[in-house]
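Printed here is start_25.pdb (PDB, C-alpha atoms):
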MODEL        1
ATOM      1  CA  VAL A   1      -1.108  -7.936  28.897  1.00  0.00           C
ATOM      2  CA  VAL A   2      -1.725  -5.132  31.417  1.00  0.00           C
ATOM      3  CA  VAL A   3       1.156  -2.971  32.676  1.00  0.00           C
ATOM      4  CA  HIS A   4       1.052  -0.072  35.156  1.00  0.00           C
ATOM      5  CA  SER A   5       3.774   2.549  35.264  1.00  0.00           C
ATOM      6  CA  PRO A   6       4.122   6.077  36.648  1.00  0.00           C
ATOM      7  CA  GLY A   7       3.611   8.948  34.222  1.00  0.00           C
ATOM      8  CA  ALA A   8       6.949  10.529  33.362  1.00  0.00           C
ATOM      9  CA  ARG A   9       5.579  13.695  31.722  1.00  0.00           C
ATOM     10  CA  ARG A  10       2.285  15.239  30.765  1.00  0.00           C
ATOM     11  CA  SER A  11       0.682  13.464  27.807  1.00  0.00           C
ATOM     12  CA  LEU A  12      -0.812  15.318  24.867  1.00  0.00           C
ATOM     13  CA  HIS A  13      -2.987  12.263  24.202  1.00  0.00           C
ATOM     14  CA  PRO A  14      -3.987  10.660  27.531  1.00  0.00           C
ATOM     15  CA  ARG A  15      -5.817   7.827  25.758  1.00  0.00           C
ATOM     16  CA  CYS A  16      -4.104   6.564  22.614  1.00  0.00           C
ATOM     17  CA  ALA A  17      -2.910   3.402  20.903  1.00  0.00           C
ATOM     18  CA  GLY A  18      -0.017   2.175  18.806  1.00  0.00           C
ATOM     19  CA  LEU A  19      -0.378  -0.577  16.208  1.00  0.00           C
ATOM     20  CA  ASP A  20       2.463  -2.766  14.998  1.00  0.00           C
ATOM     21  CA  VAL A  21       1.125  -4.089  11.695  1.00  0.00           C
ATOM     22  CA  HIS A  22       2.382  -7.319  10.122  1.00  0.00           C
ATOM     23  CA  LYS A  23       1.129  -9.480   7.270  1.00  0.00           C
ATOM     24  CA  ASP A  24      -1.011 -11.796   9.401  1.00  0.00           C
ATOM     25  CA  THR A  25      -1.255 -10.021  12.767  1.00  0.00           C
ATOM     26  CA  VAL A  26      -1.614  -6.606  14.362  1.00  0.00           C
ATOM     27  CA  VAL A  27      -0.150  -6.000  17.806  1.00  0.00           C
ATOM     28  CA  ALA A  28      -2.144  -3.236  19.496  1.00  0.00           C
ATOM     29  CA  ALA A  29      -1.041  -1.358  22.602  1.00  0.00           C
ATOM     30  CA  VAL A  30      -3.307   1.148  24.329  1.00  0.00           C
ATOM     31  CA  ARG A  31      -1.824   3.756  26.662  1.00  0.00           C
ATOM     32  CA  LEU A  32      -4.249   5.088  29.266  1.00  0.00           C
ATOM     33  CA  VAL A  33      -3.433   7.812  31.797  1.00  0.00           C
ATOM     34  CA  GLU A  34      -5.222   7.141  35.083  1.00  0.00           C
ATOM     35  CA  GLY A  35      -6.640   9.782  37.433  1.00  0.00           C
ATOM     36  CA  ASP A  36      -3.564   9.682  39.652  1.00  0.00           C
ATOM     37  CA  GLY A  37      -1.261  10.302  36.693  1.00  0.00           C
ATOM     38  CA  SER A  38      -0.056   6.707  36.387  1.00  0.00           C
ATOM     39  CA  VAL A  39      -0.034   5.033  32.980  1.00  0.00           C
ATOM     40  CA  ARG A  40      -1.839   1.784  32.279  1.00  0.00           C
ATOM     41  CA  ARG A  41      -0.989  -0.175  29.152  1.00  0.00           C
ATOM     42  CA  GLU A  42      -2.802  -3.096  27.584  1.00  0.00           C
ATOM     43  CA  VAL A  43      -1.434  -5.120  24.686  1.00  0.00           C
ATOM     44  CA  GLU A  44      -3.394  -7.521  22.491  1.00  0.00           C
ATOM     45  CA  THR A  45      -2.734  -9.296  19.193  1.00  0.00           C
ATOM     46  CA  PHE A  46      -5.357  -9.511  16.450  1.00  0.00           C
ATOM     47  CA  ALA A  47      -5.516 -11.260  13.092  1.00  0.00           C
ATOM     48  CA  THR A  48      -5.472  -9.119   9.962  1.00  0.00           C
ATOM     49  CA  THR A  49      -8.546 -10.858   8.563  1.00  0.00           C
ATOM     50  CA  THR A  50     -11.676  -8.712   8.363  1.00  0.00           C
ATOM     51  CA  PRO A  51     -13.206 -10.321  11.507  1.00  0.00           C
ATOM     52  CA  GLY A  52      -9.886  -9.791  13.288  1.00  0.00           C
ATOM     53  CA  LEU A  53      -9.742  -6.120  12.327  1.00  0.00           C
ATOM     54  CA  LEU A  54     -13.358  -5.615  13.385  1.00  0.00           C
ATOM     55  CA  ALA A  55     -12.453  -7.177  16.739  1.00  0.00           C
ATOM     56  CA  LEU A  56      -9.526  -4.732  16.970  1.00  0.00           C
ATOM     57  CA  SER A  57     -11.888  -1.839  16.267  1.00  0.00           C
ATOM     58  CA  ASP A  58     -14.280  -3.008  19.002  1.00  0.00           C
ATOM     59  CA  TRP A  59     -11.363  -3.418  21.441  1.00  0.00           C
ATOM     60  CA  LEU A  60     -10.194   0.135  20.804  1.00  0.00           C
ATOM     61  CA  GLU A  61     -13.765   1.362  21.172  1.00  0.00           C
ATOM     62  CA  ARG A  62     -14.100  -0.346  24.569  1.00  0.00           C
ATOM     63  CA  HIS A  63     -10.968   1.478  25.732  1.00  0.00           C
ATOM     64  CA  ALA A  64     -12.344   4.794  24.449  1.00  0.00           C
ATOM     65  CA  CYS A  65      -9.148   5.281  22.465  1.00  0.00           C
ATOM     66  CA  PRO A  66      -9.620   8.126  19.950  1.00  0.00           C
ATOM     67  CA  SER A  67      -6.008   8.561  18.772  1.00  0.00           C
ATOM     68  CA  ILE A  68      -4.233   5.704  16.985  1.00  0.00           C
ATOM     69  CA  ALA A  69      -0.818   5.515  15.339  1.00  0.00           C
ATOM     70  CA  MET A  70       0.568   2.844  13.031  1.00  0.00           C
ATOM     71  CA  GLU A  71       3.644   2.449  10.859  1.00  0.00           C
ATOM     72  CA  ALA A  72       3.502   2.608   7.070  1.00  0.00           C
ATOM     73  CA  THR A  73       4.577  -1.002   6.584  1.00  0.00           C
ATOM     74  CA  GLY A  74       4.409  -1.930   2.896  1.00  0.00           C
ATOM     75  CA  ILE A  75       0.758  -2.329   1.917  1.00  0.00           C
ATOM     76  CA  TYR A  76      -0.269  -4.143   5.098  1.00  0.00           C
ATOM     77  CA  TRP A  77      -1.420  -0.964   6.854  1.00  0.00           C
ATOM     78  CA  ARG A  78      -4.090  -0.200   4.255  1.00  0.00           C
ATOM     79  CA  PRO A  79      -6.809  -2.714   5.281  1.00  0.00           C
ATOM     80  CA  VAL A  80      -6.232  -1.794   8.941  1.00  0.00           C
ATOM     81  CA  TRP A  81      -6.613   1.896   8.114  1.00  0.00           C
ATOM     82  CA  GLN A  82      -9.769   1.306   6.067  1.00  0.00           C
ATOM     83  CA  VAL A  83     -11.513  -0.596   8.860  1.00  0.00           C
ATOM     84  CA  LEU A  84     -10.510   1.785  11.655  1.00  0.00           C
ATOM     85  CA  ALA A  85     -11.223   4.911   9.595  1.00  0.00           C
ATOM     86  CA  SER A  86     -14.884   3.900   9.351  1.00  0.00           C
ATOM     87  CA  ASP A  87     -15.325   5.409  12.845  1.00  0.00           C
ATOM     88  CA  ASP A  88     -15.480   9.200  12.450  1.00  0.00           C
ATOM     89  CA  GLY A  89     -14.579   9.716  16.111  1.00  0.00           C
ATOM     90  CA  ARG A  90     -11.035   8.442  15.622  1.00  0.00           C
ATOM     91  CA  THR A  91      -7.871  10.238  14.619  1.00  0.00           C
ATOM     92  CA  LEU A  92      -5.550   7.934  12.680  1.00  0.00           C
ATOM     93  CA  ILE A  93      -1.889   8.774  12.235  1.00  0.00           C
ATOM     94  CA  LEU A  94       0.351   7.004   9.737  1.00  0.00           C
ATOM     95  CA  ALA A  95       3.987   7.186  10.822  1.00  0.00           C
ATOM     96  CA  ASN A  96       7.038   6.895   8.613  1.00  0.00           C
ATOM     97  CA  ALA A  97       8.765   3.713   9.810  1.00  0.00           C
ATOM     98  CA  ALA A  98      12.256   5.175   9.398  1.00  0.00           C
ATOM     99  CA  HIS A  99      11.342   8.236  11.460  1.00  0.00           C
ATOM    100  CA  VAL A 100       9.847   6.453  14.466  1.00  0.00           C
ATOM    101  CA  LYS A 101      12.689   3.925  14.578  1.00  0.00           C
ATOM    102  CA  ASN A 102      15.272   6.706  14.800  1.00  0.00           C
ATOM    103  CA  VAL A 103      13.748   8.853  17.539  1.00  0.00           C
ATOM    104  CA  PRO A 104      16.363   8.956  20.356  1.00  0.00           C
ATOM    105  CA  GLY A 105      15.613   6.974  23.490  1.00  0.00           C
ATOM    106  CA  ARG A 106      14.159   3.812  22.042  1.00  0.00           C
ATOM    107  CA  LYS A 107      14.890   0.694  24.081  1.00  0.00           C
ATOM    108  CA  THR A 108      15.421  -2.590  22.322  1.00  0.00           C
ATOM    109  CA  ASP A 109      13.188  -4.429  24.799  1.00  0.00           C
ATOM    110  CA  VAL A 110      10.181  -2.176  24.178  1.00  0.00           C
ATOM    111  CA  ALA A 111       7.592  -3.578  21.754  1.00  0.00           C
ATOM    112  CA  ASP A 112       6.960  -1.540  18.633  1.00  0.00           C
ATOM    113  CA  ALA A 113       3.294  -1.054  19.446  1.00  0.00           C
ATOM    114  CA  VAL A 114       4.037   0.247  22.950  1.00  0.00           C
ATOM    115  CA  TRP A 115       6.768   2.494  21.572  1.00  0.00           C
ATOM    116  CA  LEU A 116       4.369   3.971  19.017  1.00  0.00           C
ATOM    117  CA  SER A 117       1.765   4.646  21.698  1.00  0.00           C
ATOM    118  CA  ASP A 118       4.370   6.450  23.825  1.00  0.00           C
ATOM    119  CA  LEU A 119       5.516   8.571  20.895  1.00  0.00           C
ATOM    120  CA  LEU A 120       1.930   9.442  20.005  1.00  0.00           C
ATOM    121  CA  ALA A 121       1.053  10.305  23.606  1.00  0.00           C
ATOM    122  CA  HIS A 122       3.823  12.918  23.702  1.00  0.00           C
ATOM    123  CA  GLY A 123       3.294  14.321  20.209  1.00  0.00           C
ATOM    124  CA  LEU A 124       6.513  12.899  18.773  1.00  0.00           C
ATOM    125  CA  ILE A 125       5.085  11.368  15.598  1.00  0.00           C
ATOM    126  CA  ARG A 126       5.098  13.380  12.393  1.00  0.00           C
ATOM    127  CA  PRO A 127       2.086  12.065  10.449  1.00  0.00           C
ATOM    128  CA  SER A 128       2.458  11.026   6.832  1.00  0.00           C
ATOM    129  CA  PHE A 129      -0.077  12.358   4.338  1.00  0.00           C
ATOM    130  CA  VAL A 130      -2.873   9.888   3.611  1.00  0.00           C
ATOM    131  CA  PRO A 131      -5.263  11.001   0.831  1.00  0.00           C
ATOM    132  CA  ASP A 132      -8.987  10.368   1.043  1.00  0.00           C
ATOM    133  CA  ALA A 133     -10.480   7.109  -0.240  1.00  0.00           C
ATOM    134  CA  GLU A 134     -11.491   8.566  -3.630  1.00  0.00           C
ATOM    135  CA  THR A 135      -7.989   9.936  -4.244  1.00  0.00           C
ATOM    136  CA  ARG A 136      -6.384   6.638  -3.177  1.00  0.00           C
ATOM    137  CA  ALA A 137      -8.626   4.761  -5.630  1.00  0.00           C
ATOM    138  CA  MET A 138      -7.665   7.156  -8.435  1.00  0.00           C
ATOM    139  CA  ARG A 139      -3.968   6.752  -7.596  1.00  0.00           C
ATOM    140  CA  ASP A 140      -4.266   2.968  -7.717  1.00  0.00           C
ATOM    141  CA  LEU A 141      -6.079   3.178 -11.057  1.00  0.00           C
ATOM    142  CA  LEU A 142      -3.428   5.449 -12.588  1.00  0.00           C
ATOM    143  CA  ARG A 143      -0.588   3.269 -11.295  1.00  0.00           C
ATOM    144  CA  THR A 144      -2.254   0.161 -12.715  1.00  0.00           C
ATOM    145  CA  ARG A 145      -2.742   1.869 -16.078  1.00  0.00           C
ATOM    146  CA  LYS A 146       0.894   3.008 -16.114  1.00  0.00           C
ATOM    147  CA  GLN A 147       2.053  -0.534 -15.379  1.00  0.00           C
ATOM    148  CA  LEU A 148      -0.176  -1.986 -18.115  1.00  0.00           C
ATOM    149  CA  VAL A 149       1.176   0.520 -20.652  1.00  0.00           C
ATOM    150  CA  ARG A 150       4.718  -0.509 -19.723  1.00  0.00           C
ATOM    151  CA  GLU A 151       3.833  -4.184 -20.067  1.00  0.00           C
ATOM    152  CA  GLN A 152       2.217  -3.521 -23.450  1.00  0.00           C
ATOM    153  CA  ALA A 153       5.378  -1.804 -24.709  1.00  0.00           C
ATOM    154  CA  SER A 154       7.479  -4.735 -23.483  1.00  0.00           C
ATOM    155  CA  HIS A 155       5.267  -7.230 -25.336  1.00  0.00           C
ATOM    156  CA  VAL A 156       5.556  -5.223 -28.568  1.00  0.00           C
ATOM    157  CA  GLN A 157       9.340  -5.137 -28.222  1.00  0.00           C
ATOM    158  CA  ARG A 158       9.414  -8.914 -27.735  1.00  0.00           C
ATOM    159  CA  ILE A 159       7.320  -9.396 -30.874  1.00  0.00           C
ATOM    160  CA  GLN A 160       9.659  -7.126 -32.832  1.00  0.00           C
ATOM    161  CA  LYS A 161      12.666  -9.075 -31.554  1.00  0.00           C
ATOM    162  CA  THR A 162      11.067 -12.375 -32.595  1.00  0.00           C
ATOM    163  CA  LEU A 163      10.377 -10.995 -36.074  1.00  0.00           C
ATOM    164  CA  GLU A 164      13.944  -9.718 -36.425  1.00  0.00           C
ATOM    165  CA  ASP A 165      15.300 -13.095 -35.301  1.00  0.00           C
ATOM    166  CA  ALA A 166      13.282 -14.649 -38.140  1.00  0.00           C
ATOM    167  CA  ASN A 167      14.505 -11.900 -40.516  1.00  0.00           C
ATOM    168  CA  LEU A 168      10.962 -10.636 -41.031  1.00  0.00           C
ATOM    169  CA  LYS A 169      11.250  -6.857 -41.523  1.00  0.00           C
ATOM    170  CA  LEU A 170       7.639  -6.016 -40.710  1.00  0.00           C
ATOM    171  CA  ALA A 171       8.639  -3.023 -38.561  1.00  0.00           C
ATOM    172  CA  SER A 172      10.540  -1.611 -41.551  1.00  0.00           C
ATOM    173  CA  VAL A 173       7.410  -1.358 -43.675  1.00  0.00           C
ATOM    174  CA  LEU A 174       4.740  -0.657 -41.025  1.00  0.00           C
ATOM    175  CA  THR A 175       4.894   2.209 -38.546  1.00  0.00           C
ATOM    176  CA  ASP A 176       2.690   0.328 -36.073  1.00  0.00           C
ATOM    177  CA  ILE A 177       3.020  -3.441 -36.245  1.00  0.00           C
ATOM    178  CA  MET A 178       0.259  -3.772 -33.650  1.00  0.00           C
ATOM    179  CA  GLY A 179      -2.271  -1.791 -35.687  1.00  0.00           C
ATOM    180  CA  GLN A 180      -5.102  -3.481 -37.593  1.00  0.00           C
ATOM    181  CA  SER A 181      -2.953  -4.270 -40.640  1.00  0.00           C
ATOM    182  CA  GLY A 182       0.012  -5.349 -38.561  1.00  0.00           C
ATOM    183  CA  ARG A 183      -2.110  -7.719 -36.506  1.00  0.00           C
ATOM    184  CA  ALA A 184      -3.616  -9.188 -39.672  1.00  0.00           C
ATOM    185  CA  VAL A 185      -0.137  -9.854 -41.088  1.00  0.00           C
ATOM    186  CA  LEU A 186       1.063 -11.330 -37.763  1.00  0.00           C
ATOM    187  CA  ALA A 187      -1.983 -13.623 -37.608  1.00  0.00           C
ATOM    188  CA  ALA A 188      -1.322 -14.796 -41.157  1.00  0.00           C
ATOM    189  CA  LEU A 189       2.353 -15.420 -40.409  1.00  0.00           C
ATOM    190  CA  ALA A 190       1.396 -17.389 -37.299  1.00  0.00           C
ATOM    191  CA  ALA A 191      -0.995 -19.448 -39.446  1.00  0.00           C
ATOM    192  CA  GLY A 192       1.860 -20.328 -41.803  1.00  0.00           C
ATOM    193  CA  GLU A 193       1.328 -17.849 -44.634  1.00  0.00           C
ATOM    194  CA  THR A 194       4.604 -17.038 -46.443  1.00  0.00           C
ATOM    195  CA  ASP A 195       3.446 -15.597 -49.776  1.00  0.00           C
ATOM    196  CA  PRO A 196       4.515 -11.884 -49.823  1.00  0.00           C
ATOM    197  CA  GLU A 197       1.659 -10.871 -52.141  1.00  0.00           C
ATOM    198  CA  ARG A 198      -0.986 -12.435 -49.911  1.00  0.00           C
ATOM    199  CA  LEU A 199       0.585 -10.780 -46.871  1.00  0.00           C
ATOM    200  CA  ARG A 200       0.676  -7.438 -48.697  1.00  0.00           C
ATOM    201  CA  ALA A 201      -2.999  -7.771 -49.546  1.00  0.00           C
ATOM    202  CA  LEU A 202      -3.778  -7.749 -45.786  1.00  0.00           C
ATOM    203  CA  VAL A 203      -2.363  -4.222 -45.426  1.00  0.00           C
ATOM    204  CA  GLY A 204      -4.887  -1.402 -45.633  1.00  0.00           C
ATOM    205  CA  ALA A 205      -4.553   1.221 -48.369  1.00  0.00           C
ATOM    206  CA  ARG A 206      -4.139   4.126 -45.902  1.00  0.00           C
ATOM    207  CA  VAL A 207      -1.536   2.477 -43.720  1.00  0.00           C
ATOM    208  CA  LYS A 208       1.749   4.358 -43.353  1.00  0.00           C
TER     209      LYS A 208
ENDMDL
END
Transcribe the structure of this file into structure tokens.
Amino acid sequence: VVVHSPGARRSLHPRCAGLDVHKDTVVAAVRLVEGDGSVRREVETFATTTPGLLALSDWLERHACPSIAMEATGIYWRPVWQVLASDDGRTLILANAAHVKNVPGRKTDVADAVWLSDLLAHGLIRPSFVPDAETRAMRDLLRTRKQLVREQASHVQRIQKTLEDANLKLASVLTDIMGQSGRAVLAALAAGETDPERLRALVGARVK
């Protein structure tokens, strides 16, 4: 789609683009200020697959579009950002979705991608902080570890509840039922062992 319109005010970014990112597609709108001051817009839709995003990158390159804005939509913006950020000549701006949707003057019949390109052109987008790739990887690792620790605690609590339901007071005699001795006793119980002396023999001498 190609649209021509007169320039209403001087643009800070005469050649820029707005991306409306979805799960399966990216709607891209470039905003180009012509020599006579008029504005030309082109809108295309690309798939969010890797070939689709590479095609988007090539399309932006053909339009010599160095400034690009997109909304922080869930996690869908991340692959788009990673592909487009591979070109050092580009400036990527991640916009807070709530902020750009509440800037006065938005028309309901204006596509999100075109609206983002207009906001970017006039310097009306406050960029969100996006850490470098190494920091993002470390954040993801720490979040995954935190989630795994939480899941581990939940599993231990479920085991304790099952033992209490069976009136097995293992947590009353062992500080850590998931330690080496506790696991040995649990394995024996699961195998059908009920003799207290044999179960006691599985507990290490230095266990608290």
List, as a compact mmCIF listing (two decimals) with C-alpha atoms, keeping the file's coordinate frame, every residue that the PyMOL selection byres ((chain A and resi 110-119) around 7) selects in the file provided.
# COMPACT_ATOMS: atom_id res chain seq x y z
CA CYS A 16 -4.10 6.56 22.61
CA ALA A 17 -2.91 3.40 20.90
CA GLY A 18 -0.02 2.17 18.81
CA LEU A 19 -0.38 -0.58 16.21
CA ASP A 20 2.46 -2.77 15.00
CA VAL A 27 -0.15 -6.00 17.81
CA ALA A 28 -2.14 -3.24 19.50
CA ALA A 29 -1.04 -1.36 22.60
CA VAL A 30 -3.31 1.15 24.33
CA ARG A 31 -1.82 3.76 26.66
CA ALA A 69 -0.82 5.52 15.34
CA LYS A 107 14.89 0.69 24.08
CA THR A 108 15.42 -2.59 22.32
CA ASP A 109 13.19 -4.43 24.80
CA LEU A 120 1.93 9.44 20.00
CA ALA A 121 1.05 10.30 23.61
CA HIS A 122 3.82 12.92 23.70
CA GLY A 123 3.29 14.32 20.21
CA LEU A 124 6.51 12.90 18.77
CA ILE A 125 5.08 11.37 15.60
Please evaluate the PyMOL selection byres ((chain A and resi 52) around 12) against the displayed coordinates and give the resulting residues as an mmCIF file with C-alpha atoms, in the coordinates of the input.
data_model
loop_
_atom_site.group_PDB
_atom_site.id
_atom_site.type_symbol
_atom_site.label_atom_id
_atom_site.label_comp_id
_atom_site.auth_asym_id
_atom_site.auth_seq_id
_atom_site.Cartn_x
_atom_site.Cartn_y
_atom_site.Cartn_z
ATOM 1 C CA ASP A 24 -1.011 -11.796 9.401
ATOM 2 C CA THR A 25 -1.255 -10.021 12.767
ATOM 3 C CA VAL A 26 -1.614 -6.606 14.362
ATOM 4 C CA VAL A 27 -0.150 -6.000 17.806
ATOM 5 C CA ALA A 28 -2.144 -3.236 19.496
ATOM 6 C CA GLU A 44 -3.394 -7.521 22.491
ATOM 7 C CA THR A 45 -2.734 -9.296 19.193
ATOM 8 C CA PHE A 46 -5.357 -9.511 16.450
ATOM 9 C CA ALA A 47 -5.516 -11.260 13.092
ATOM 10 C CA THR A 48 -5.472 -9.119 9.962
ATOM 11 C CA THR A 49 -8.546 -10.858 8.563
ATOM 12 C CA THR A 50 -11.676 -8.712 8.363
ATOM 13 C CA PRO A 51 -13.206 -10.321 11.507
ATOM 14 C CA LEU A 53 -9.742 -6.120 12.327
ATOM 15 C CA LEU A 54 -13.358 -5.615 13.385
ATOM 16 C CA ALA A 55 -12.453 -7.177 16.739
ATOM 17 C CA LEU A 56 -9.526 -4.732 16.970
ATOM 18 C CA SER A 57 -11.888 -1.839 16.267
ATOM 19 C CA ASP A 58 -14.280 -3.008 19.002
ATOM 20 C CA TRP A 59 -11.363 -3.418 21.441
ATOM 21 C CA PRO A 79 -6.809 -2.714 5.281
ATOM 22 C CA VAL A 80 -6.232 -1.794 8.941
ATOM 23 C CA VAL A 83 -11.513 -0.596 8.860
ATOM 24 C CA LEU A 84 -10.510 1.785 11.655
#
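Atom CA of Asn96 of chain A lies 10.8 Å from atom CA of Gly74 of chain A.
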> Which is closest to Val33 of chain A among A:Gly179, A:Ile75, A:Val21, A:Leu12, if we use only C-alpha atoms?
Replying inline: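 The shortest atom-to-atom distance to Val33 of chain A comes from A:Leu12.
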> Could you pull the residues within 10 Å of Leu174 of chain A, counting only C-alpha atoms, minus those fewer than 4 positions along the same chain, as a list in words?
Replying inline: Lys169, Leu170, Met178, Gly179, Ser181, Gly182, Val203, Val207 and Lys208 of chain A
How about saving the chosen residues, C-alpha atoms kept, as a compact mmCIF listing (two decimals), in the frame of the given file?
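Ended up saving to out-v6.txt:
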# COMPACT_ATOMS: atom_id res chain seq x y z
CA LYS A 169 11.25 -6.86 -41.52
CA LEU A 170 7.64 -6.02 -40.71
CA MET A 178 0.26 -3.77 -33.65
CA GLY A 179 -2.27 -1.79 -35.69
CA SER A 181 -2.95 -4.27 -40.64
CA GLY A 182 0.01 -5.35 -38.56
CA VAL A 203 -2.36 -4.22 -45.43
CA VAL A 207 -1.54 2.48 -43.72
CA LYS A 208 1.75 4.36 -43.35
> What is the distance, in Å and to one decimal place, between atom CA of Cys65 of chain A and atom CA of Leu92 of chain A?
Replying inline: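 Straight-line distance from atom CA of Cys65 of chain A to atom CA of Leu92 of chain A works out to 10.8 Å.
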> A:Arg15, A:His22, A:His99, A:Lys146: which is nearest Arg62 of chain A, counting only C-alpha atoms?
Replying inline: A:Arg15
> Mind pulling up the distance from atom CA of Leu94 of chain A to atom CA of Val130 of chain A?
Replying inline: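 We find that atom CA of Val130 of chain A and atom CA of Leu94 of chain A lie 7.5 Å from each other.
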>> Translate the PyMOL selection byres ((chain A and resi 190-199) around 12) into a concrete residue list for this structure, as a PyMOL selection string.
In response: chain A and resi 159+162-163+168-170+181-189+200-204
Save the residues we just selected, C-alpha atoms, as an mmCIF file, in the frame of the given file?
data_model
loop_
_atom_site.group_PDB
_atom_site.id
_atom_site.type_symbol
_atom_site.label_atom_id
_atom_site.label_comp_id
_atom_site.auth_asym_id
_atom_site.auth_seq_id
_atom_site.Cartn_x
_atom_site.Cartn_y
_atom_site.Cartn_z
ATOM 1 C CA ILE A 159 7.320 -9.396 -30.874
ATOM 2 C CA THR A 162 11.067 -12.375 -32.595
ATOM 3 C CA LEU A 163 10.377 -10.995 -36.074
ATOM 4 C CA LEU A 168 10.962 -10.636 -41.031
ATOM 5 C CA LYS A 169 11.250 -6.857 -41.523
ATOM 6 C CA LEU A 170 7.639 -6.016 -40.710
ATOM 7 C CA SER A 181 -2.953 -4.270 -40.640
ATOM 8 C CA GLY A 182 0.012 -5.349 -38.561
ATOM 9 C CA ARG A 183 -2.110 -7.719 -36.506
ATOM 10 C CA ALA A 184 -3.616 -9.188 -39.672
ATOM 11 C CA VAL A 185 -0.137 -9.854 -41.088
ATOM 12 C CA LEU A 186 1.063 -11.330 -37.763
ATOM 13 C CA ALA A 187 -1.983 -13.623 -37.608
ATOM 14 C CA ALA A 188 -1.322 -14.796 -41.157
ATOM 15 C CA LEU A 189 2.353 -15.420 -40.409
ATOM 16 C CA ARG A 200 0.676 -7.438 -48.697
ATOM 17 C CA ALA A 201 -2.999 -7.771 -49.546
ATOM 18 C CA LEU A 202 -3.778 -7.749 -45.786
ATOM 19 C CA VAL A 203 -2.363 -4.222 -45.426
ATOM 20 C CA GLY A 204 -4.887 -1.402 -45.633
#
> Which is closer to Arg136 of chain A than all the others in A:Gln82, A:Gln160, A:Gln180, A:Ser154, using only C-alpha atoms?
Replying inline: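 Of all the options, A:Gln82 lies closest to Arg136 of chain A.
For the set A:Glu34, A:Asp87, A:Val43, A:Ile93, the residue with the smallest atom-to-atom gap to Phe129 of chain A is A:Ile93, counting all atoms listed in the file.
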> Quick one: of A:Arg158, A:Ala64, A:Ile177, A:Leu148, who's nearest to His13 of chain A, counting all atoms listed in the file?
Replying inline: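 For His13 of chain A, the nearest of the given residues is A:Ala64.
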